$ cat upload14.tsv   # TSV, C-alpha atoms
chain	number	residue	atom	x	y	z
A	496	MET	CA	33.91	15.30	28.57
A	497	THR	CA	36.39	13.71	26.24
A	498	ARG	CA	35.63	10.35	24.80
A	499	THR	CA	37.40	7.29	26.15
A	500	ARG	CA	39.98	6.18	23.65
A	501	ILE	CA	40.43	2.45	23.20
A	502	VAL	CA	43.13	0.67	21.27
A	503	ALA	CA	43.21	-3.00	20.34
A	504	ILE	CA	46.77	-4.32	20.14
A	505	VAL	CA	47.18	-7.30	17.87
A	506	PRO	CA	50.62	-8.89	17.60
A	507	ALA	CA	51.00	-10.86	14.38
A	508	LEU	CA	53.65	-12.96	12.73
A	509	ASN	CA	52.94	-14.32	9.26
A	510	GLU	CA	49.17	-14.22	9.61
A	511	GLU	CA	48.23	-12.78	6.19
A	512	GLY	CA	45.55	-15.45	5.85
A	513	ILE	CA	43.52	-14.38	8.85
A	514	ILE	CA	44.71	-10.96	10.01
A	515	GLY	CA	42.20	-9.18	7.78
A	516	LYS	CA	39.32	-11.07	9.39
A	517	VAL	CA	40.70	-10.40	12.88
A	518	VAL	CA	40.89	-6.67	12.17
A	519	ASP	CA	37.39	-6.64	10.64
A	520	GLU	CA	35.91	-8.42	13.65
A	521	ILE	CA	37.39	-5.95	16.10
A	522	ARG	CA	36.19	-2.99	14.05
A	523	ALA	CA	32.76	-4.58	13.79
A	524	VAL	CA	32.51	-4.73	17.59
A	525	SER	CA	32.93	-1.01	17.93
A	526	PRO	CA	34.05	1.71	15.55
A	527	GLU	CA	35.43	3.48	18.61
A	528	ILE	CA	38.24	0.98	18.89
A	529	ASP	CA	41.43	1.75	16.99
A	530	VAL	CA	43.14	-1.41	15.81
A	531	VAL	CA	46.92	-1.55	15.92
A	532	VAL	CA	48.59	-4.57	14.38
A	533	VAL	CA	52.16	-5.09	15.49
A	534	ASP	CA	53.91	-6.96	12.72
A	535	ASP	CA	56.86	-8.80	14.20
A	536	ALA	CA	58.86	-8.78	10.96
A	537	SER	CA	56.58	-11.10	9.00
A	538	SER	CA	57.91	-12.42	5.73
A	539	ASP	CA	54.43	-12.44	4.19
A	540	GLU	CA	51.90	-9.69	3.48
A	541	THR	CA	50.56	-9.42	7.04
A	542	ALA	CA	51.28	-5.67	7.29
A	543	ALA	CA	49.75	-4.80	3.92
A	544	VAL	CA	46.63	-6.88	4.55
A	545	ALA	CA	46.15	-5.40	8.02
A	546	ARG	CA	46.56	-1.88	6.66
A	547	SER	CA	44.10	-2.47	3.84
A	548	HIS	CA	41.54	-3.57	6.43
A	549	GLY	CA	41.95	-0.27	8.25
A	550	ALA	CA	44.42	-1.12	10.99
A	551	THR	CA	47.36	1.02	12.00
A	552	VAL	CA	50.45	-1.11	11.48
A	553	LEU	CA	53.61	-1.01	13.54
A	554	ARG	CA	56.32	-2.92	11.71
A	555	LEU	CA	59.27	-4.18	13.66
A	556	PRO	CA	62.48	-4.14	11.60
A	557	PHE	CA	63.38	-7.65	12.84
A	558	ASN	CA	61.72	-10.33	14.89
A	559	VAL	CA	61.73	-9.43	18.58
A	560	GLY	CA	59.42	-12.14	19.90
A	561	ILE	CA	55.82	-11.96	21.04
A	562	GLY	CA	56.49	-10.02	24.23
A	563	GLY	CA	58.60	-7.38	22.52
A	564	ALA	CA	55.93	-7.05	19.85
A	565	VAL	CA	53.10	-6.66	22.34
A	566	GLN	CA	55.12	-4.13	24.30
A	567	THR	CA	55.53	-2.10	21.11
A	568	GLY	CA	51.75	-1.84	21.13
A	569	PHE	CA	51.69	-0.74	24.79
A	570	ARG	CA	54.33	1.88	24.03
A	571	TYR	CA	52.21	3.10	21.14
A	572	ALA	CA	49.16	3.22	23.41
A	573	LEU	CA	51.13	5.24	25.94
A	574	ALA	CA	52.58	7.62	23.36
A	575	GLU	CA	49.18	8.17	21.74
A	576	GLU	CA	47.54	8.58	25.16
A	577	TYR	CA	44.95	5.85	24.93
A	578	ASP	CA	42.81	5.27	28.02
A	579	ARG	CA	42.27	1.57	27.49
A	580	ALA	CA	44.09	-1.17	25.69
A	581	VAL	CA	42.93	-4.62	24.73
A	582	ARG	CA	45.44	-7.17	23.62
A	583	LEU	CA	44.41	-10.09	21.46
A	584	ASP	CA	46.23	-12.51	19.25
A	585	GLY	CA	46.58	-12.11	15.50
A	586	ASP	CA	45.74	-15.73	14.80
A	587	GLY	CA	42.03	-15.38	15.48
A	588	GLN	CA	41.84	-17.53	18.61
A	589	HIS	CA	40.45	-14.66	20.69
A	590	ASP	CA	36.89	-13.68	19.92
A	591	ALA	CA	36.65	-9.91	19.39
A	592	ARG	CA	32.99	-9.96	20.42
A	593	GLU	CA	34.16	-10.55	23.99
A	594	ILE	CA	36.10	-7.27	24.07
A	595	PRO	CA	33.24	-5.28	25.69
A	596	LYS	CA	32.93	-7.97	28.36
A	597	LEU	CA	36.65	-7.76	28.98
A	598	LEU	CA	36.54	-3.98	29.26
A	599	GLU	CA	33.62	-3.92	31.69
A	600	PRO	CA	35.62	-4.15	34.95
A	601	VAL	CA	37.90	-1.38	33.67
A	602	GLU	CA	34.92	0.81	32.75
A	603	ARG	CA	33.47	0.31	36.22
A	604	GLY	CA	36.83	1.42	37.63
A	605	GLU	CA	37.29	-1.87	39.42
A	606	ALA	CA	40.34	-3.24	37.68
A	607	ASP	CA	43.57	-2.12	36.03
A	608	LEU	CA	44.15	-5.48	34.40
A	609	VAL	CA	41.46	-7.82	33.14
A	610	ILE	CA	42.44	-11.30	32.08
A	611	GLY	CA	40.24	-13.18	29.68
A	612	SER	CA	40.38	-16.47	31.49
A	613	ARG	CA	39.40	-19.85	30.13
A	614	PHE	CA	38.86	-21.15	33.64
A	615	ALA	CA	37.37	-18.25	35.60
A	616	GLU	CA	34.13	-20.15	36.14
A	617	GLY	CA	35.41	-23.65	36.53
A	618	GLU	CA	35.71	-25.94	33.55
A	619	ALA	CA	35.18	-24.27	30.22
A	620	SER	CA	34.41	-25.93	26.97
A	621	TYR	CA	38.00	-25.18	26.01
A	622	ARG	CA	39.94	-28.38	26.66
A	623	PRO	CA	43.62	-28.00	25.87
A	624	PRO	CA	45.75	-31.12	25.54
A	625	PHE	CA	46.54	-32.80	28.85
A	626	ALA	CA	50.15	-31.62	29.17
A	627	ARG	CA	49.24	-28.04	28.42
A	628	ARG	CA	46.30	-28.12	30.81
A	629	ILE	CA	48.66	-29.22	33.59
A	630	GLY	CA	51.10	-26.44	32.63
A	631	ILE	CA	48.37	-23.81	32.67
A	632	ARG	CA	47.20	-25.02	36.08
A	633	VAL	CA	50.70	-25.14	37.57
A	634	PHE	CA	51.53	-21.63	36.43
A	635	ALA	CA	48.20	-20.32	37.71
A	636	ARG	CA	48.80	-21.93	41.11
A	637	LEU	CA	52.35	-20.62	41.24
A	638	VAL	CA	51.37	-17.06	40.39
A	639	SER	CA	48.51	-17.26	42.90
A	640	LEU	CA	50.97	-18.42	45.53
A	641	LEU	CA	53.57	-15.75	44.75
A	642	SER	CA	51.07	-12.90	44.48
A	643	GLY	CA	48.63	-13.93	47.19
A	644	GLN	CA	45.70	-13.58	44.79
A	645	HIS	CA	43.66	-16.27	43.13
A	646	VAL	CA	44.56	-16.32	39.45
A	647	THR	CA	42.84	-18.85	37.21
A	648	ASP	CA	44.60	-18.40	33.88
A	649	THR	CA	47.99	-16.76	33.58
A	650	THR	CA	48.81	-17.94	30.08
A	651	SER	CA	45.96	-16.11	28.41
A	652	GLY	CA	46.97	-13.50	25.88
A	653	PHE	CA	43.50	-11.95	25.90
A	654	VAL	CA	43.73	-9.03	28.32
A	655	ALA	CA	42.43	-5.52	28.84
A	656	LEU	CA	44.25	-2.69	30.59
A	657	ASP	CA	43.52	0.76	31.87
A	658	ARG	CA	46.00	3.65	31.80
A	659	VAL	CA	47.92	2.33	34.83
A	660	GLY	CA	48.31	-1.05	33.20
A	661	ILE	CA	49.39	0.48	29.89
A	662	GLU	CA	52.05	2.54	31.65
A	663	LEU	CA	53.36	-0.45	33.58
A	664	PHE	CA	53.59	-2.77	30.57
A	665	ALA	CA	55.03	-0.04	28.33
A	666	ARG	CA	57.85	0.19	30.83
A	667	GLU	CA	58.20	-3.41	31.88
A	668	TYR	CA	57.20	-6.44	29.86
A	669	PRO	CA	59.06	-9.72	29.27
A	670	HIS	CA	60.28	-10.24	25.72
A	671	ASP	CA	59.47	-13.89	25.19
A	672	TYR	CA	56.63	-16.01	26.57
A	673	PRO	CA	55.52	-12.96	28.53
A	674	GLU	CA	52.02	-13.63	29.87
A	675	VAL	CA	52.71	-15.52	33.08
A	676	GLU	CA	55.49	-13.25	34.30
A	677	ALA	CA	53.60	-10.13	33.21
A	678	THR	CA	50.65	-11.19	35.38
A	679	LEU	CA	52.93	-11.54	38.38
A	680	ILE	CA	54.61	-8.19	37.70
A	681	ALA	CA	51.21	-6.52	37.47
A	682	LEU	CA	49.98	-8.06	40.72
A	683	ARG	CA	53.19	-7.28	42.56
A	684	SER	CA	52.96	-3.71	41.32
A	685	GLY	CA	49.59	-3.52	43.03
A	686	LEU	CA	47.39	-3.48	39.94
A	687	ARG	CA	43.82	-4.53	40.57
A	688	LEU	CA	43.00	-7.74	38.74
A	689	ALA	CA	39.72	-8.92	37.33
A	690	GLN	CA	39.10	-12.19	35.53
A	691	VAL	CA	36.43	-12.68	32.96
A	692	GLN	CA	35.34	-15.99	31.50
A	693	VAL	CA	36.08	-16.19	27.77
A	694	GLU	CA	35.96	-18.90	25.20
A	695	MET	CA	38.90	-19.43	22.90
A	696	ARG	CA	38.70	-20.82	19.43
A	697	GLU	CA	40.92	-23.34	17.81
A	698	ARG	CA	43.42	-21.82	15.44
A	699	GLU	CA	42.23	-21.58	11.88
A	700	THR	CA	45.46	-21.10	10.00
A	701	GLY	CA	49.14	-21.17	10.78
A	702	ALA	CA	50.80	-23.14	13.53
A	703	SER	CA	50.92	-22.42	17.24
A	704	SER	CA	54.19	-20.81	18.22
A	705	ILE	CA	54.59	-23.39	20.96
A	706	THR	CA	56.20	-26.51	19.54
A	707	PHE	CA	57.35	-29.49	21.58
A	708	VAL	CA	61.01	-28.48	21.88
A	709	ARG	CA	60.12	-24.92	22.71
A	710	SER	CA	57.72	-25.95	25.42
A	711	LEU	CA	60.65	-27.19	27.51
A	712	TYR	CA	62.37	-23.84	27.15
A	713	TYR	CA	59.02	-22.20	27.85
A	714	ILE	CA	58.56	-24.00	31.15
A	715	VAL	CA	62.11	-23.46	32.38
A	716	LYS	CA	62.22	-19.84	31.28
A	717	VAL	CA	58.89	-18.99	32.89
A	718	LEU	CA	59.79	-20.74	36.14
A	719	LEU	CA	63.09	-18.85	36.31
A	720	ALA	CA	61.35	-15.59	35.46
A	721	LEU	CA	58.76	-16.16	38.19
A	722	LEU	CA	61.48	-16.96	40.69
A	723	VAL	CA	63.53	-13.84	40.00
A	724	SER	CA	60.44	-11.68	39.63
A	725	SER	CA	59.36	-12.63	43.11
A	726	LEU	CA	62.82	-11.68	44.39
A	727	ARG	CA	62.64	-8.25	42.74
A	728	ARG	CA	60.96	-5.20	44.19
A	729	TYR	CA	58.30	-3.46	42.17
A	730	PRO	CA	57.09	0.05	42.96
A	731	ARG	CA	53.46	-0.08	44.08
A	732	LEU	CA	51.20	1.62	41.60
A	733	GLN	CA	48.03	1.00	43.54
A	734	GLY	CA	46.01	4.10	44.31
A	735	THR	CA	47.36	5.98	41.33
A	736	SER	CA	44.48	4.78	39.20
A	737	ARG	CA	41.29	6.71	38.77
B	237	MET	CA	107.68	-27.14	44.13
B	238	THR	CA	106.80	-25.55	40.84
B	239	PRO	CA	109.14	-26.61	38.05
B	240	LEU	CA	111.14	-23.64	36.76
B	241	ARG	CA	110.06	-24.30	33.17
B	242	ALA	CA	106.39	-24.13	34.13
B	243	SER	CA	107.03	-20.72	35.71
B	244	ILE	CA	108.88	-19.46	32.63
B	245	VAL	CA	106.13	-20.62	30.28
B	246	GLY	CA	103.53	-19.08	32.59
B	247	VAL	CA	105.32	-15.73	32.61
B	248	ILE	CA	105.69	-15.72	28.82
B	249	ALA	CA	102.06	-16.71	28.25
B	250	SER	CA	100.72	-14.01	30.57
B	251	LEU	CA	103.00	-11.40	29.04
B	252	VAL	CA	101.80	-12.35	25.55
B	253	LEU	CA	98.19	-12.04	26.74
B	254	LEU	CA	98.86	-8.62	28.30
B	255	VAL	CA	100.65	-7.35	25.20
B	256	ILE	CA	97.87	-8.54	22.88
B	257	VAL	CA	95.18	-6.92	25.03
B	258	LEU	CA	97.08	-3.63	25.29
B	259	GLU	CA	97.73	-3.64	21.56
B	260	LEU	CA	94.01	-4.21	20.85
B	261	VAL	CA	93.10	-1.31	23.14
B	262	ARG	CA	95.77	0.91	21.57
B	263	GLY	CA	94.38	0.13	18.11
B	264	ARG	CA	90.85	0.89	19.39
B	265	ARG	CA	89.70	-2.62	18.56
B	266	LEU	CA	88.90	-3.32	22.20
B	267	LYS	CA	87.21	-0.90	24.56
B	268	GLU	CA	88.97	-0.21	27.85
B	269	ARG	CA	85.81	-1.32	29.59
B	270	TYR	CA	86.06	-4.82	28.17
B	271	ALA	CA	89.86	-4.91	28.43
B	272	LEU	CA	89.90	-4.53	32.20
B	273	LEU	CA	88.95	-8.11	33.03
B	274	TRP	CA	91.47	-9.42	30.52
B	275	LEU	CA	94.21	-7.22	31.95
B	276	ALA	CA	93.34	-8.46	35.42
B	277	THR	CA	93.54	-12.04	34.14
B	278	GLY	CA	96.95	-11.47	32.58
B	279	GLY	CA	98.21	-9.53	35.60
B	280	VAL	CA	97.20	-12.15	38.16
B	281	LEU	CA	98.60	-15.00	36.06
B	282	LEU	CA	101.85	-13.08	35.58
B	283	VAL	CA	102.27	-12.50	39.31
B	284	LEU	CA	101.45	-16.11	40.18
B	285	SER	CA	103.85	-17.42	37.53
B	286	ALA	CA	106.75	-15.16	38.45
B	287	TRP	CA	106.34	-15.25	42.21
B	288	ARG	CA	106.93	-18.95	42.75
B	289	GLY	CA	106.81	-18.72	46.53
B	290	ALA	CA	103.34	-17.21	46.44
B	291	LEU	CA	102.07	-19.92	44.09
B	292	ASN	CA	103.40	-22.63	46.41
B	293	THR	CA	101.85	-20.97	49.44
B	294	ILE	CA	98.47	-20.61	47.77
B	295	ALA	CA	98.66	-24.21	46.55
B	296	GLY	CA	99.21	-25.21	50.17
B	297	TRP	CA	96.19	-23.20	51.31
B	298	VAL	CA	93.83	-24.76	48.82
B	299	GLY	CA	95.15	-28.28	49.36
B	300	VAL	CA	97.03	-28.72	46.09
B	301	GLU	CA	100.09	-30.52	47.41
B	302	THR	CA	101.65	-32.41	44.54
B	303	TYR	CA	101.64	-29.93	41.66
B	304	PRO	CA	101.33	-26.18	42.45
B	305	PRO	CA	101.00	-25.05	38.79
B	306	ALA	CA	97.54	-26.64	38.87
B	307	VAL	CA	96.58	-23.51	40.80
B	308	LEU	CA	97.52	-21.48	37.74
B	309	PHE	CA	95.02	-23.47	35.69
B	310	ALA	CA	92.38	-23.06	38.32
B	311	VAL	CA	92.89	-19.30	38.53
B	312	ALA	CA	92.94	-18.97	34.73
B	313	THR	CA	89.71	-20.98	34.48
B	314	LEU	CA	88.06	-18.83	37.12
B	315	PHE	CA	88.96	-15.66	35.28
B	316	ILE	CA	87.72	-17.05	31.97
B	317	LEU	CA	84.41	-17.88	33.65
B	318	LEU	CA	84.24	-14.31	34.96
B	319	VAL	CA	84.92	-12.90	31.51
B	320	LEU	CA	82.21	-15.12	29.98
B	321	LEU	CA	79.71	-14.17	32.64
B	322	HIS	CA	80.52	-10.55	32.03
B	323	TYR	CA	79.87	-11.09	28.33
B	324	SER	CA	76.51	-12.65	29.11
B	325	THR	CA	75.47	-9.56	31.02
B	326	VAL	CA	76.69	-7.33	28.20
B	327	LEU	CA	74.80	-9.48	25.70
B	328	SER	CA	71.64	-9.24	27.78
B	329	SER	CA	71.71	-5.47	27.96
B	330	LEU	CA	72.52	-5.27	24.25
B	331	THR	CA	69.50	-7.50	23.53
B	332	ASP	CA	67.24	-5.25	25.58
B	333	GLU	CA	68.60	-2.12	23.94
B	334	ASN	CA	68.24	-3.72	20.53
B	335	VAL	CA	64.59	-4.58	21.13
B	336	GLU	CA	63.90	-1.09	22.40
B	337	LEU	CA	65.49	0.38	19.27
B	338	ALA	CA	63.36	-1.88	17.09
B	339	GLN	CA	60.25	-0.80	18.99
B	340	ARG	CA	61.10	2.87	18.63
B	341	ILE	CA	61.78	2.44	14.92
B	342	ALA	CA	58.36	0.80	14.53
B	343	LEU	CA	56.67	3.70	16.33
B	344	LEU	CA	58.64	6.33	14.43
B	345	GLU	CA	58.01	4.72	11.05
B	346	GLU	CA	54.31	4.67	11.71
B	347	ARG	CA	54.49	8.32	12.68
B	348	VAL	CA	56.57	9.32	9.70
B	349	GLY	CA	54.17	7.44	7.44
B	350	ARG	CA	51.23	9.28	8.96
B	351	LEU	CA	52.91	12.70	8.79
B	352	SER	CA	54.16	12.33	5.24
B	353	ALA	CA	50.75	11.12	4.09
B	354	ASN	CA	49.37	14.47	5.24
B	355	GLU	CA	52.13	16.54	3.70
B	356	PRO	CA	52.32	17.71	0.11
B	357	GLN	CA	54.77	15.83	-2.09
B	358	GLY	CA	58.48	15.78	-1.51
B	359	SER	CA	58.54	17.48	1.86
B	360	LEU	CA	59.86	15.57	4.84
B	361	LEU	CA	61.27	12.74	2.80
B	362	GLY	CA	61.47	12.03	-0.89
B	363	SER	CA	58.13	10.52	-1.84
B	364	ALA	CA	59.82	7.30	-2.95
B	365	ARG	CA	61.46	6.91	0.45
B	366	ALA	CA	58.23	7.72	2.24
B	367	GLU	CA	56.51	5.12	0.13
B	368	GLN	CA	59.13	2.56	1.03
B	369	ILE	CA	58.80	3.30	4.73
B	370	HIS	CA	55.06	3.22	4.56
B	371	ARG	CA	55.02	-0.19	2.98
$ encode --input "upload14.tsv" --output "structure tokens"
Amino acid sequence: MTRTRIVAIVPALNEEGIIGKVVDEIRAVSPEIDVVVVDDASSDETAAVARSHGATVLRLPFNVGIGGAVQTGFRYALAEEYDRAVRLDGDGQHDAREIPKLLEPVERGEADLVIGSRFAEGEASYRPPFARRIGIRVFARLVSLLSGQHVTDTTSGFVALDRVGIELFAREYPHDYPEVEATLIALRSGLRLAQVQVEMRERETGASSITFVRSLYYIVKVLLALLVSSLRRYPRLQGTSR
Amino acid sequence: MTPLRASIVGVIASLVLLVIVLELVRGRRLKERYALLWLATGGVLLVLSAWRGALNTIAGWVGVETYPPAVLFAVATLFILLVLLHYSTVLSSLTDENVELAQRIALLEERVGRLSANEPQGSLLGSARAEQIHR
């Protein structure tokens, strides 16, 4: 029996201050997990720091946005024939120690996509600012409505995938602000979803990529993407998973 | 009725547009694919300018009673919108292709770095180049 190969995909943009710690924490969880940092054309030493901490680094020649960067990781996972992929942010807000918990439903063969949700079990200790909390709720409701499944947190970037999920996202993944639409695409493609309660930390360094002006674009873009996604047809992948 | 001068100016303007577009295609500075909409624009404007009766009839259909050349403006505007929309679709597919190229470069660079690290010096690439790519 061949060993299950797991890759952790970490998109990073100018995170030289913390990327080393992020990589170390993932490697500390399990030496079985290969860490791939996707450097979205950072202007600092993110790539070098990540490499010196033992990560494989994929360097994009220019900035393609978070979704394009994450998809690079999925394409790598597909090309290198990984069985599982975990995606977590390069800014340290996702706790690597929760990776095994996130992978559990995949290991049991119950899910193709596992979302690390901040609200899977009601109110978590994570309390985002009011406006963002409303946004998170609205998107979750909307995706639930459009997919017919109860989704608690669609904006989480902390997810785990099996081979079916890797193949889907390697082929189809939004380029900017991808999480909400990607969740809908996955559900409409028939992927089995599991949600696991996770805690998220406050950022330690750097600034969140979502500033006030961008949040308007974010909302409008995601709403439009959800609308057209629900008008598109997606081939059902259900039943192809092992 | 359409004033004769308006028709003459319309004909000249559409001819100039057609000639410029054809010249750009001839000089390979404009692909046929992107010239087609422009040629259609120039062609339709030329016909509507030269064929005064048709312009008046169309103006009647769409309820422009006092000044038929307004239809010329409307048609020109419509075609410009079409051209712009076409550009937006071209831009979108170029963006997607560009991102995919970037992603493939990232994957290939990682692979080249890995392969050349295993190879003895100066094989696949000059070692300086390999170093540069690896960094």
$ interface_residues --input "upload14.tsv" --of "chain A" --to "chain B" --cutoff "9 Å" --atoms "all atoms listed in the file" --output "JSON, numbers by chain"
{"A": [533, 542, 543, 551, 552, 553, 554, 555, 556, 557, 558, 559, 563, 564, 566, 567, 568, 570, 571, 670]}
$ closest_residue --input "upload14.tsv" --among "A:Asp519, A:Glu511, A:Asp648, A:Asp584" --to "Val693 (chain A)" --atoms "all atoms listed in the file"
A:Asp648
$ atom_distance --input "upload14.tsv" --atom1 "CA of Arg709 (chain A)" --atom2 "CA of Tyr672 (chain A)"
10.3 Å
$ atom_distance --input "upload14.tsv" --atom1 "CA of Tyr668 (chain A)" --atom2 "CA of Ile680 (chain A)"
8.4 Å
$ residues_around --input "upload14.tsv" --residues "Glu301 (chain B)" --least-positions-apart "3" --cutoff "9 Å" --atoms "all atoms listed in the file" --output "ChimeraX atom specification"
/B:237,292,295-296,298,304
$ residues_around --input "upload14.tsv" --residues "Leu573 (chain A)" --least-positions-apart "4" --cutoff "8 Å" --atoms "all atoms listed in the file" --output "PyMOL selection string"
chain A and resi 569+577+658+661-662+665
$ residues_around --input "upload14.tsv" --residues "Pro506 (chain A)" --least-positions-apart "3" --cutoff "9 Å" --atoms "only C-alpha atoms" --output "list in words"
Val531, Val532, Val533, Asp534, Asp535, Ile561, Gly562, Ala564, Val565, Gly568, Arg582, Leu583, Asp584, Gly585 and Asp586 of chain A
$ residues_around --input "upload14.tsv" --residues "Leu640 (chain A)" --least-positions-apart "2" --cutoff "12 Å" --atoms "only C-alpha atoms" --output "MDAnalysis selection string"
chainID A and resid 633:638 642:647 679 682:683 721:722 725
$ atom_distance --input "upload14.tsv" --atom1 "CA of Glu667 (chain A)" --atom2 "CA of Leu318 (chain B)"
28.4 Å
$ residues_around --input "upload14.tsv" --residues "Ile248 (chain B)" --least-positions-apart "2" --cutoff "12 Å" --atoms "all atoms listed in the file" --output "mmCIF file with C-alpha atoms, keeping the file's coordinate frame"
data_model
loop_
_atom_site.group_PDB
_atom_site.id
_atom_site.type_symbol
_atom_site.label_atom_id
_atom_site.label_comp_id
_atom_site.auth_asym_id
_atom_site.auth_seq_id
_atom_site.Cartn_x
_atom_site.Cartn_y
_atom_site.Cartn_z
ATOM 1 C CA ARG B 241 110.060 -24.300 33.170
ATOM 2 C CA ALA B 242 106.390 -24.130 34.130
ATOM 3 C CA SER B 243 107.030 -20.720 35.710
ATOM 4 C CA ILE B 244 108.880 -19.460 32.630
ATOM 5 C CA VAL B 245 106.130 -20.620 30.280
ATOM 6 C CA GLY B 246 103.530 -19.080 32.590
ATOM 7 C CA SER B 250 100.720 -14.010 30.570
ATOM 8 C CA LEU B 251 103.000 -11.400 29.040
ATOM 9 C CA VAL B 252 101.800 -12.350 25.550
ATOM 10 C CA LEU B 253 98.190 -12.040 26.740
ATOM 11 C CA LEU B 254 98.860 -8.620 28.300
ATOM 12 C CA VAL B 255 100.650 -7.350 25.200
ATOM 13 C CA GLY B 278 96.950 -11.470 32.580
ATOM 14 C CA GLY B 279 98.210 -9.530 35.600
ATOM 15 C CA LEU B 281 98.600 -15.000 36.060
ATOM 16 C CA LEU B 282 101.850 -13.080 35.580
ATOM 17 C CA VAL B 283 102.270 -12.500 39.310
ATOM 18 C CA SER B 285 103.850 -17.420 37.530
ATOM 19 C CA ALA B 286 106.750 -15.160 38.450
#
$ residues_near_point --input "upload14.tsv" --point "(43.0, -14.9, 5.8)" --cutoff "10 Å" --atoms "all atoms listed in the file" --output "PyMOL selection string"
chain A and resi 510-517+541+544+586-587+699-700
